[in-house]
Each structure stands twice: as C-alpha cells, then as structure tokens.
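Comments concern the structure below.
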Amino acid sequence: MPEFAHKGLRASYRKWGDGPRLVLLHAGGSNGGQWAKVAEALAPERLSIAPDLIGCGATDPWPVPGALIQDDQADLVAALIETTGGGPVDIVGHSYGGAVAVRLAVKHPEMVRSLIVIEPILTCLLGEVGDPIFKEGESVNRRFVAAIESGQPECGWQEFLDARNGAGTWDRMSDERRRGFLAQTAQARDTLYSNLNNPTTLADCGAIGVPMTIGCGETTTPADRRTTEVLRDAIPAARYEIICGAGHMSPLSHPQEVVRLIRAHLERAVR
C-alpha cells in the first residue's frame with residue numbers, strides 16, 4: 001500500500017480506479033479496506049482513496065494513549081489530500097469516519113468540495129439537544145473505557161457489543177471472532193476517547209457550506225438514526241437518504257446501495 005509521513009507517523013492508504021478523487025473514511029475498528037466493494041464499483045469513473053486512520057490498519061497508533069482526538073484524524077486526512085494532489089475533493093465518511101469527515105469540513109473547509117456522511121458518530125449532538133439517548137450511550141462508552149483501563153477488556157467488549165447489537169451478541173460469537181475484537185482493544189479505546197471528546201456543535205454543522213448528503217440505514221440503531229436526524233435538522237440544505245434494508249455497517253452489507261447513494265450525490269453536487 002502507498003504510504004506517507006504525517007507528524008512523525010507512518011500512514012497508509014489504498015486506492016482504486018482512475019478519475020476525479022473520492023476520499024473514503026472508514027468506521028472505527030476497521031480500516032480503508034472496508035471500502036473495497038464500493039470503490040471497485042466506482043473504479044470506472046472515480047479514483048477512490050481510502051486511508052487507514054491513525055491507529056487503524058497499517059497506520060501507526062497515536063503515540064500518547066488516550067490523547068487522540070478527531071481533529072488529529074482530520075489533520076491526517078488533510079495531509080493525505082495534499083499528498084495526492086491537493087484539494088478540494090469529494091469526501092465520504094462512515095460511522096467514526098463520518099465524524100472525522102465533519103471535523104475535516106470544519107477545520108479544513110478548503111479541502112472539501114462535497115460531503116457524504118453515513119451514520120456519523122456525532123453523539124455529542126444528541127447531548128447538545130438534550131436527547132435521553134445521549135446519556136445511555138455515553139455511559140456505555142465510559143464503562144467500556146473503564147473496563148479496558150482496569151484490565152478487563154472482555155467484560156468491556158461484552159457490554160459494548162451487546163448494547164450496540166443486542167443482548168447475547170458476545171456470547172454467540174466464535175472464539176476466533178472474540179479474539180479479533182480483543183486484538184483491537186487499544187484501537188477501540190482511543191477511538192472511544194476521541195468520540196467522547198468530540199467538540200463538534202450544531203453551529204459547526206450548520207456552517208458547513210458544501211453540498212452534503214446524510215445517509216442512514218433503514219434498520220440501524222435508535223442512537224445512530226437519531227444522530228442523523230439531528231444532523232439533518234442542523235443542515236436544512238443537506239439531502240437525507242435512507243439506505244433500504246441496511247443496518248449500521250451499510251458499506252459492507254449493502255455496498256451497491258451505498259454506490260447508488262454516492263453516484264446520486266455526485267450527480268447533484270458536482271457539475
């Protein structure tokens with residue numbers, strides 16, 4: 001994979017296709033490879049570039065545990081855009097990557113031509129509007145971090161995954177899959193730290209001045225759906241799209257539907 005240096009870190013990215021650049025930002029606990037099916041479908045018309053965010057995939061971790069914030073990730077993406085030809089470019093962010101995409105638009109607006117976010121982890125917005133879902137999610141995240149810090153990662157993962165995906169999720173997993181989650185414990189801790197400390201406000205979102213599409217899976221979690229609704233209300237000019245049949249991980253489970261969403265957005269937003 002191609003690499004570039006950023007703030008003393010070695011950062012990696014993947015690329016597919018040819019044409020105008022499209023930067024794809026992955027979910028927490030994942031890497032740029034999550035976009036392979038989407039990028040391959042777009043390859044005839046787009047050069048898709050998908051970085052491994054800090055601490056993910058082949059990109060180095062942040063050197064200070066617990067100190068990573070989403071602005072650090074946004075700075076990495078800005079550096080990638082400069083490395084691959086400069087901005088502005090079209091950005092797609094999913095979940096954690098969606099929150100990073102929003103921070104990129106806030107911190108580096110000159111880098112963003114248009115923006116697609118699919119269920120961005122912006123639960124901070126739920127706190128701002130006083131939605132009761134916020135306290136429940138915040139509590140789960142803080143207990144996960146506390147379990148890791150106290151040397152009980154299995155307990156932390158069990159509660160976190162059961163809260164996100166339904167009771168008994170952890171117990172139903174194979175030993176191999178559990179080991180996979182446990183191997184990502186440090187990365188997950190830093191991701192949750194950055195989520196808990198996300199400074200994004202409704203005013204920040206309302207000031208985003210580029211064409212924007214907000215995607216939401218039809219069968220996603222109540223917290224993720226509500227977050228997209230609050231974001232939609234903060235940006236009246238944004239287009240809101242339901243991804244039929246999809247849960248939270250639509251780029252993996254429903255890549256063709258995500259491809260259609262991206263193409264429709266680009267047809268509207270990029271002339």
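Each chain in the structure tokens gets a letter, A, B, ..., in the order shown, and its residues are numbered from 1; ligands are numbered from 1 in order too.
Within range 72-113 of chain A, DSSP run on the backbone puts these residues in alpha helix (DSSP H): Asp72, Gln73, Ala74, Asp75, Leu76, Val77, Ala78, Ala79, Leu80, Ile81, Glu82, Thr83, Tyr96, Gly97, Gly98, Ala99, Val100, Ala101, Val102, Arg103, Leu104, Ala105, Val106 and Lys107 of chain A.
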Produce a file of the selected residues containing N, CA, C and O atoms, as a CSV table (one decimal), in the first residue's frame.
chain,number,residue,atom,x,y,z
A,72,ASP,N,-7.1,15.3,15.2
A,72,ASP,CA,-5.9,14.7,14.7
A,72,ASP,C,-6.2,13.8,13.5
A,72,ASP,O,-5.4,13.8,12.5
A,73,GLN,N,-7.3,13.1,13.5
A,73,GLN,CA,-7.6,12.3,12.3
A,73,GLN,C,-7.9,13.2,11.1
A,73,GLN,O,-7.6,12.9,10.0
A,74,ALA,N,-8.7,14.3,11.3
A,74,ALA,CA,-9.0,15.3,10.3
A,74,ALA,C,-7.7,15.8,9.7
A,74,ALA,O,-7.6,16.0,8.4
A,75,ASP,N,-6.7,16.1,10.5
A,75,ASP,CA,-5.4,16.6,10.0
A,75,ASP,C,-4.7,15.6,9.2
A,75,ASP,O,-4.1,15.9,8.2
A,76,LEU,N,-4.8,14.3,9.6
A,76,LEU,CA,-4.2,13.2,8.7
A,76,LEU,C,-4.9,13.2,7.4
A,76,LEU,O,-4.2,13.1,6.3
A,77,VAL,N,-6.2,13.3,7.3
A,77,VAL,CA,-6.9,13.3,6.0
A,77,VAL,C,-6.5,14.5,5.2
A,77,VAL,O,-6.3,14.4,4.0
A,78,ALA,N,-6.4,15.7,5.8
A,78,ALA,CA,-6.0,16.8,5.1
A,78,ALA,C,-4.6,16.6,4.5
A,78,ALA,O,-4.3,17.0,3.3
A,79,ALA,N,-3.7,16.0,5.2
A,79,ALA,CA,-2.3,15.7,4.7
A,79,ALA,C,-2.4,14.7,3.6
A,79,ALA,O,-1.6,14.9,2.6
A,80,LEU,N,-3.2,13.7,3.7
A,80,LEU,CA,-3.4,12.8,2.6
A,80,LEU,C,-3.9,13.5,1.3
A,80,LEU,O,-3.4,13.2,0.2
A,81,ILE,N,-4.8,14.4,1.4
A,81,ILE,CA,-5.4,15.1,0.3
A,81,ILE,C,-4.2,15.9,-0.4
A,81,ILE,O,-4.1,15.9,-1.6
A,82,GLU,N,-3.4,16.6,0.4
A,82,GLU,CA,-2.3,17.3,-0.1
A,82,GLU,C,-1.3,16.4,-0.8
A,82,GLU,O,-0.8,16.7,-1.9
A,83,THR,N,-1.0,15.2,-0.2
A,83,THR,CA,-0.1,14.3,-0.7
A,83,THR,C,-0.5,13.8,-2.1
A,83,THR,O,0.3,13.5,-3.0
A,96,TYR,N,-17.4,6.3,12.5
A,96,TYR,CA,-16.3,7.1,13.0
A,96,TYR,C,-15.7,8.0,11.9
A,96,TYR,O,-15.4,9.2,12.1
A,97,GLY,N,-15.6,7.4,10.7
A,97,GLY,CA,-15.1,8.2,9.6
A,97,GLY,C,-16.0,9.3,9.2
A,97,GLY,O,-15.5,10.4,8.7
A,98,GLY,N,-17.3,9.2,9.5
A,98,GLY,CA,-18.2,10.3,9.2
A,98,GLY,C,-18.0,11.4,10.1
A,98,GLY,O,-18.1,12.6,9.7
A,99,ALA,N,-17.7,11.1,11.4
A,99,ALA,CA,-17.4,12.2,12.4
A,99,ALA,C,-16.1,12.9,12.0
A,99,ALA,O,-16.0,14.1,12.1
A,100,VAL,N,-15.1,12.1,11.5
A,100,VAL,CA,-13.9,12.7,11.1
A,100,VAL,C,-14.1,13.6,9.8
A,100,VAL,O,-13.5,14.7,9.7
A,101,ALA,N,-15.0,13.2,8.9
A,101,ALA,CA,-15.3,13.9,7.7
A,101,ALA,C,-15.9,15.3,8.1
A,101,ALA,O,-15.6,16.3,7.5
A,102,VAL,N,-16.8,15.3,9.1
A,102,VAL,CA,-17.3,16.6,9.6
A,102,VAL,C,-16.3,17.5,10.2
A,102,VAL,O,-16.2,18.7,9.9
A,103,ARG,N,-15.4,16.9,11.0
A,103,ARG,CA,-14.3,17.7,11.5
A,103,ARG,C,-13.4,18.2,10.4
A,103,ARG,O,-12.9,19.4,10.5
A,104,LEU,N,-13.1,17.5,9.4
A,104,LEU,CA,-12.4,17.9,8.2
A,104,LEU,C,-13.1,19.2,7.6
A,104,LEU,O,-12.4,20.2,7.3
A,105,ALA,N,-14.4,19.1,7.4
A,105,ALA,CA,-15.1,20.2,6.8
A,105,ALA,C,-15.1,21.4,7.7
A,105,ALA,O,-15.1,22.6,7.2
A,106,VAL,N,-15.0,21.2,9.1
A,106,VAL,CA,-15.0,22.3,10.0
A,106,VAL,C,-13.6,23.0,10.0
A,106,VAL,O,-13.4,24.2,10.0
A,107,LYS,N,-12.5,22.1,10.1
A,107,LYS,CA,-11.2,22.6,10.3
A,107,LYS,C,-10.5,22.9,9.0
A,107,LYS,O,-9.6,23.8,9.0
| said: Could you check the closest approach to Pro61 in chain A for each of A:Leu25, A:Ile208, A:Met249, A:Ala188 and tell me which residue wins, using only C-alpha atoms? | reply: A:Ala188
| Skipping near chain neighbours, those fewer than 6 positions away, what residues fall within 10 Å of Lys135 in chain A using only C-alpha atoms, listed as a PyMOL selection string? | chain A and resi 123+126-127+141
Keeping only N, CA and C atoms, write those residues as an mmCIF file, in the first residue's frame.
data_model
loop_
_atom_site.group_PDB
_atom_site.id
_atom_site.type_symbol
_atom_site.label_atom_id
_atom_site.label_comp_id
_atom_site.auth_asym_id
_atom_site.auth_seq_id
_atom_site.Cartn_x
_atom_site.Cartn_y
_atom_site.Cartn_z
ATOM 1 N N THR A 123 -22.550 11.632 18.529
ATOM 2 C CA THR A 123 -23.487 11.587 19.657
ATOM 3 C C THR A 123 -23.388 12.838 20.524
ATOM 4 N N LEU A 126 -26.424 14.791 20.180
ATOM 5 C CA LEU A 126 -27.566 14.356 20.991
ATOM 6 C C LEU A 126 -27.484 14.978 22.377
ATOM 7 N N GLY A 127 -26.271 15.102 22.913
ATOM 8 C CA GLY A 127 -26.110 15.766 24.201
ATOM 9 C C GLY A 127 -26.490 17.222 24.126
ATOM 10 N N ASN A 141 -20.113 3.833 26.721
ATOM 11 C CA ASN A 141 -18.759 4.116 26.235
ATOM 12 C C ASN A 141 -17.776 4.318 27.381
#
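CA of Cys124 in chain A lies 11.7 Å from CA of Arg226 in chain A.
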| A:Glu128, A:Asp190, A:Glu45, A:Glu267: which is nearest Val64 in chain A, counting only C-alpha atoms? |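 Smallest separation from Val64 in chain A among the options: A:Asp190.
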| request: With a distance cut-off of 12 Å and only C-alpha atoms, select the neighbouring residues of Pro236 in chain A, excluding the residue or stretch itself and same-chain residues fewer than 3 positions from it, and output the selection as an NGL selection string. | output: :A and (202 or 205-209 or 211-214 or 229-233 or 239-240)
| Test item: residues at most 10 Å from Pro44 in chain A, only C-alpha atoms, excluding those fewer than 2 positions along its chain, as a PyMOL selection string | chain A and resi 16-19+39-42+46-47
Since we have the selection now, will you write its residues out, keeping all heavy atoms, as a short mmCIF file (atom, residue, chain, number, x, y, z; two decimals), in the first residue's frame?
data_model
loop_
_atom_site.label_atom_id
_atom_site.label_comp_id
_atom_site.auth_asym_id
_atom_site.auth_seq_id
_atom_site.Cartn_x
_atom_site.Cartn_y
_atom_site.Cartn_z
N TRP A 16 -8.11 2.85 -5.68
CA TRP A 16 -8.72 2.07 -6.75
C TRP A 16 -9.14 3.02 -7.87
O TRP A 16 -9.58 4.14 -7.61
CB TRP A 16 -10.00 1.37 -6.28
CG TRP A 16 -9.88 0.40 -5.15
CD1 TRP A 16 -9.81 -0.96 -5.24
CD2 TRP A 16 -9.91 0.69 -3.74
NE1 TRP A 16 -9.78 -1.54 -3.99
CE2 TRP A 16 -9.83 -0.55 -3.04
CE3 TRP A 16 -9.99 1.86 -3.00
CZ2 TRP A 16 -9.85 -0.63 -1.65
CZ3 TRP A 16 -9.99 1.79 -1.61
CH2 TRP A 16 -9.92 0.56 -0.97
N GLY A 17 -9.07 2.56 -9.11
CA GLY A 17 -9.66 3.27 -10.21
C GLY A 17 -8.88 4.46 -10.71
O GLY A 17 -7.69 4.63 -10.42
N ASP A 18 -9.58 5.33 -11.46
CA ASP A 18 -8.96 6.50 -12.07
C ASP A 18 -10.03 7.57 -12.23
O ASP A 18 -11.22 7.28 -12.22
CB ASP A 18 -8.37 6.13 -13.43
CG ASP A 18 -7.39 7.17 -13.94
OD1 ASP A 18 -7.01 8.06 -13.16
OD2 ASP A 18 -7.02 7.09 -15.12
N GLY A 19 -9.59 8.82 -12.34
CA GLY A 19 -10.53 9.92 -12.50
C GLY A 19 -10.47 10.89 -11.34
O GLY A 19 -9.50 10.89 -10.56
N ALA A 39 -15.51 0.94 -3.73
CA ALA A 39 -14.51 1.56 -4.59
C ALA A 39 -14.36 0.82 -5.91
O ALA A 39 -14.18 1.45 -6.97
CB ALA A 39 -13.17 1.62 -3.86
N GLU A 40 -14.42 -0.50 -5.88
CA GLU A 40 -14.31 -1.27 -7.12
C GLU A 40 -15.47 -0.98 -8.06
O GLU A 40 -15.29 -0.89 -9.28
CB GLU A 40 -14.22 -2.76 -6.79
CG GLU A 40 -12.88 -3.17 -6.19
CD GLU A 40 -12.93 -4.53 -5.52
OE1 GLU A 40 -14.00 -5.19 -5.56
OE2 GLU A 40 -11.89 -4.93 -4.94
N ALA A 41 -16.66 -0.80 -7.51
CA ALA A 41 -17.82 -0.47 -8.34
C ALA A 41 -17.70 0.92 -8.96
O ALA A 41 -18.20 1.17 -10.06
CB ALA A 41 -19.10 -0.57 -7.52
N LEU A 42 -17.02 1.83 -8.24
CA LEU A 42 -16.85 3.21 -8.73
C LEU A 42 -15.61 3.39 -9.60
O LEU A 42 -15.40 4.46 -10.18
CB LEU A 42 -16.78 4.17 -7.54
CG LEU A 42 -18.05 4.34 -6.71
CD1 LEU A 42 -17.74 5.08 -5.42
CD2 LEU A 42 -19.13 5.07 -7.49
N ARG A 46 -14.12 6.93 -10.95
CA ARG A 46 -13.53 7.65 -9.82
C ARG A 46 -12.23 7.00 -9.35
O ARG A 46 -12.11 5.78 -9.35
CB ARG A 46 -14.50 7.68 -8.64
CG ARG A 46 -15.62 8.70 -8.81
CD ARG A 46 -15.15 10.06 -8.38
NE ARG A 46 -16.07 11.13 -8.75
CZ ARG A 46 -16.03 12.34 -8.25
NH1 ARG A 46 -15.13 12.66 -7.34
NH2 ARG A 46 -16.86 13.27 -8.65
N LEU A 47 -11.29 7.85 -8.93
CA LEU A 47 -10.12 7.38 -8.19
C LEU A 47 -10.49 7.45 -6.71
O LEU A 47 -10.57 8.53 -6.15
CB LEU A 47 -8.90 8.27 -8.49
CG LEU A 47 -7.67 8.05 -7.59
CD1 LEU A 47 -7.16 6.62 -7.68
CD2 LEU A 47 -6.56 9.04 -7.95
#
| task | May I ask for the distance between CA of Gly66 in chain A and CA of Tyr193 in chain A, given in Å to one decimal place? | result | 6.1 Å
